[in-house]
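Everything on this sheet refers to the single structure shown next.
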Amino acid sequence: MNLATYINDLLYRYDCVIVPDFGGFVTNRIGAKVNNFTHTFTPPTKQITFNSLLKHNDGLLANYIASAENISFEKASTAISMSVIKWQNELQSKFVQIDNLGVLSLNEAKQIIFEPNTTVNYLTQSFGLATVQSSAIARYKEQVKPLTSIIAEEKKKGIPAFIKYAATAAILLTLGVAGYNGYENNQQKITAANQEKAIQKKIQAATFVISNPLPTIHLNVAKEVVKPYHIVAGAFQFAENAEKKVKELKTKGYDAKIIGVNKWGLTQVTFNSYSNRNKAINSLYQIQKTVSKDAWLLTKKLD
């Protein structure tokens, strides 16, 4: 039985596989990397380390071997112990190569040193992904020639010095005139803005005095009181009879009036109208007791 094969299989599924009485192989996840010097892209991976302090049997490795080999848990545990004894004996004189996992060896202090095999990726999410190398991209950088080099080239071309200087002076003069014009225009704008601000301040600070002001007119506007509660005295087919009823009630001291025509075409006459419902009801009771039992309260909805 090759114990390393089963450890290798379990590391794809679990982050830690313990070999009883020997140590544990632990995986650490590492994200994708870019190497700017070698121009390579490495996908996410699981890096394997070894911890000699993890020796307690958690049953994971023995159960897996028992299931794969179709043997009992006890036989699987015995097979693991035999492989551990073999590794320990070999480590006393040489290093131990554990298939795809890596190499085990002892240091001067008789401690186990593990060097993992970095070519195997145990991260299943990165299955099929390999390290990719890309060619370097050469970026063009514009070379700025120094002034002395430009002058030397012009000399080789045979251009007279006075022409070069004249051209340079013309360019400087043009730039100077343009700069001066821009500066002058800017100053004019600033001056105009300052003058406008000064005029605004004068207008705001000015006081206008009228020697003969017009007299103040006071208007007394009476607010119309809305009176939706009416004590109805009667409804008449002919408008003449309604007007006679109004005159009759006014002679008795009531503020009688015609309030319109109802849906049956009868002209309605009231004793009084009120804005307060309680006052209207009290007046209705008084009129029913003393004047007319047929009086009733009409409430008109406000528009």
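We label chains A, B, ... in the order they appear in the structure tokens, count residues from 1 in each chain, and number ligands from 1 in the order shown.
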Who sits within 8 Å of Ile65 in chain A, only C-alpha atoms, same chain under 5 positions skipped, as an NGL selection string: :A and (6 or 70-71 or 76)
Residues from the last selection, N, CA, C and O atoms, saved as a PDB file, in the first residue's frame:
ATOM      1  N   TYR A   6      -2.897   8.092  -0.894  1.00  0.00           N
ATOM      2  CA  TYR A   6      -4.135   8.441  -0.187  1.00  0.00           C
ATOM      3  C   TYR A   6      -4.034   9.839   0.443  1.00  0.00           C
ATOM      4  O   TYR A   6      -5.029  10.584   0.483  1.00  0.00           O
ATOM      5  N   ASN A  70     -11.255  -1.555   0.879  1.00  0.00           N
ATOM      6  CA  ASN A  70     -12.294  -2.499   1.313  1.00  0.00           C
ATOM      7  C   ASN A  70     -11.784  -3.401   2.444  1.00  0.00           C
ATOM      8  O   ASN A  70     -11.909  -4.627   2.419  1.00  0.00           O
ATOM      9  N   ILE A  71     -11.157  -2.753   3.448  1.00  0.00           N
ATOM     10  CA  ILE A  71     -10.643  -3.466   4.610  1.00  0.00           C
ATOM     11  C   ILE A  71     -11.204  -2.798   5.868  1.00  0.00           C
ATOM     12  O   ILE A  71     -11.865  -1.746   5.793  1.00  0.00           O
ATOM     13  N   ALA A  76      -6.484  -0.830   8.362  1.00  0.00           N
ATOM     14  CA  ALA A  76      -6.001   0.410   7.743  1.00  0.00           C
ATOM     15  C   ALA A  76      -5.073   1.149   8.703  1.00  0.00           C
ATOM     16  O   ALA A  76      -4.019   1.681   8.291  1.00  0.00           O
TER      17      ALA A  76
END
Contacts of Ile18 in chain A within 8 Å, only C-alpha atoms, excl. fewer than 3 positions in-chain, as a PyMOL selection string: chain A and resi 22-25+54-58+60-61
Who sits within 9 Å of Leu91 in chain A, only C-alpha atoms, same chain under 3 positions skipped, as a PyMOL selection string: chain A and resi 86-88+94-96+104-106+112
From A:Trp296, A:Phe50, A:Trp264, A:Tyr122, residue lying nearest Ala280 in chain A [only C-alpha atoms]: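 Of the candidates, the smallest distance to Ala280 in chain A is held by A:Trp296.
Counting from CA of Gln47 in chain A, the distance to CA of Asn100 in chain A is 12.5 Å.
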Minimum-distance residue to Glu115 in chain A, chosen among A:Ala68, A:Ile48, A:Met82, A:Ala256 (using only C-alpha atoms):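 Result for the nearest residue to Glu115 in chain A: A:Ile48.
Among the candidates A:Asn278, A:Lys227, A:Thr267, A:Glu240, the residue lying nearest to Lys301 in chain A is A:Lys227 (atoms considered: only C-alpha atoms).
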Between CA of Thr45 in chain A and CA of Ala130 in chain A - distance in Å to one decimal: 10.1 Å
Spatial neighbours of Ala233 in chain A, max dist 8 Å, only C-alpha atoms, sep filter under 4 positions, as JSON, numbers by chain: {"A": [268, 269, 270, 271, 292, 294, 295, 296]}
Distance in Å - CA of Asn89 in chain A versus CA of Asn121 in chain A: 29.4 Å
Expected answer as a VMD selection string: strand (DSSP E or B) residues in range 10-120 of chain A: chain A and resid 16 to 19 23 to 30 33 to 35 40 to 42 45 to 51 96 to 98 102 to 106 112 to 116
Residue contacts of Ser275 in chain A (9 Å, only C-alpha atoms) excluding same-chain residues fewer than 4 positions away, as a ChimeraX atom specification: /A:225-229,279-280
From A:Thr118, A:Asp15, A:Gln288, A:Gly59, residue lying nearest Phe73 in chain A [only C-alpha atoms]: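 Selected residue with least distance to Phe73 in chain A: A:Gly59.
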All residues 12 Å or closer to Gln125 in chain A, only C-alpha atoms, same chain fewer than 4 positions away omitted, as a VMD selection string: chain A and resid 12 to 13 29 31 to 32 43 to 46 121 129
Atoms to include: N, CA, C and O atoms. Write the selected residues as a JSON list (two decimals), in the first residue's frame.
[["chain", "number", "residue", "atom", "x", "y", "z"],
["A", 12, "TYR", "N", -6.80, 17.23, -1.84],
["A", 12, "TYR", "CA", -7.66, 17.94, -2.79],
["A", 12, "TYR", "C", -9.00, 18.32, -2.15],
["A", 12, "TYR", "O", -9.66, 19.26, -2.59],
["A", 13, "ARG", "N", -9.40, 17.54, -1.10],
["A", 13, "ARG", "CA", -10.73, 17.74, -0.50],
["A", 13, "ARG", "C", -10.66, 18.44, 0.85],
["A", 13, "ARG", "O", -11.61, 19.12, 1.24],
["A", 29, "ARG", "N", -4.09, 28.48, 1.41],
["A", 29, "ARG", "CA", -4.53, 29.04, 0.13],
["A", 29, "ARG", "C", -3.75, 30.31, -0.19],
["A", 29, "ARG", "O", -3.59, 31.18, 0.65],
["A", 31, "GLY", "N", -3.52, 33.39, -3.22],
["A", 31, "GLY", "CA", -4.20, 33.99, -4.36],
["A", 31, "GLY", "C", -3.35, 34.04, -5.60],
["A", 31, "GLY", "O", -2.16, 33.69, -5.59],
["A", 32, "ALA", "N", -3.97, 34.47, -6.68],
["A", 32, "ALA", "CA", -3.26, 34.58, -7.96],
["A", 32, "ALA", "C", -2.14, 35.61, -7.86],
["A", 32, "ALA", "O", -2.24, 36.60, -7.13],
["A", 43, "PRO", "N", -2.11, 31.12, -11.26],
["A", 43, "PRO", "CA", -3.47, 31.04, -10.73],
["A", 43, "PRO", "C", -3.45, 30.78, -9.22],
["A", 43, "PRO", "O", -2.41, 30.44, -8.65],
["A", 44, "PRO", "N", -4.60, 30.92, -8.53],
["A", 44, "PRO", "CA", -4.67, 30.59, -7.10],
["A", 44, "PRO", "C", -4.27, 29.13, -6.86],
["A", 44, "PRO", "O", -4.52, 28.26, -7.69],
["A", 45, "THR", "N", -3.67, 28.88, -5.71],
["A", 45, "THR", "CA", -3.17, 27.54, -5.43],
["A", 45, "THR", "C", -3.25, 27.24, -3.95],
["A", 45, "THR", "O", -3.54, 28.12, -3.14],
["A", 46, "LYS", "N", -2.99, 25.95, -3.61],
["A", 46, "LYS", "CA", -2.87, 25.51, -2.23],
["A", 46, "LYS", "C", -1.40, 25.15, -1.97],
["A", 46, "LYS", "O", -0.87, 24.27, -2.65],
["A", 121, "ASN", "N", -0.95, 21.66, -7.98],
["A", 121, "ASN", "CA", -1.92, 22.59, -7.39],
["A", 121, "ASN", "C", -3.09, 21.77, -6.84],
["A", 121, "ASN", "O", -3.84, 21.14, -7.59],
["A", 129, "LEU", "N", -6.05, 25.31, -14.81],
["A", 129, "LEU", "CA", -5.33, 26.57, -14.96],
["A", 129, "LEU", "C", -3.85, 26.36, -14.70],
["A", 129, "LEU", "O", -3.47, 25.74, -13.71]]
Pick from A:Tyr274, A:Ala66, A:Leu53, A:Val19, whichever lies nearest to Val84 in chain A using only C-alpha atoms: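 That would be A:Val19, the residue with the smallest distance to Val84 in chain A.
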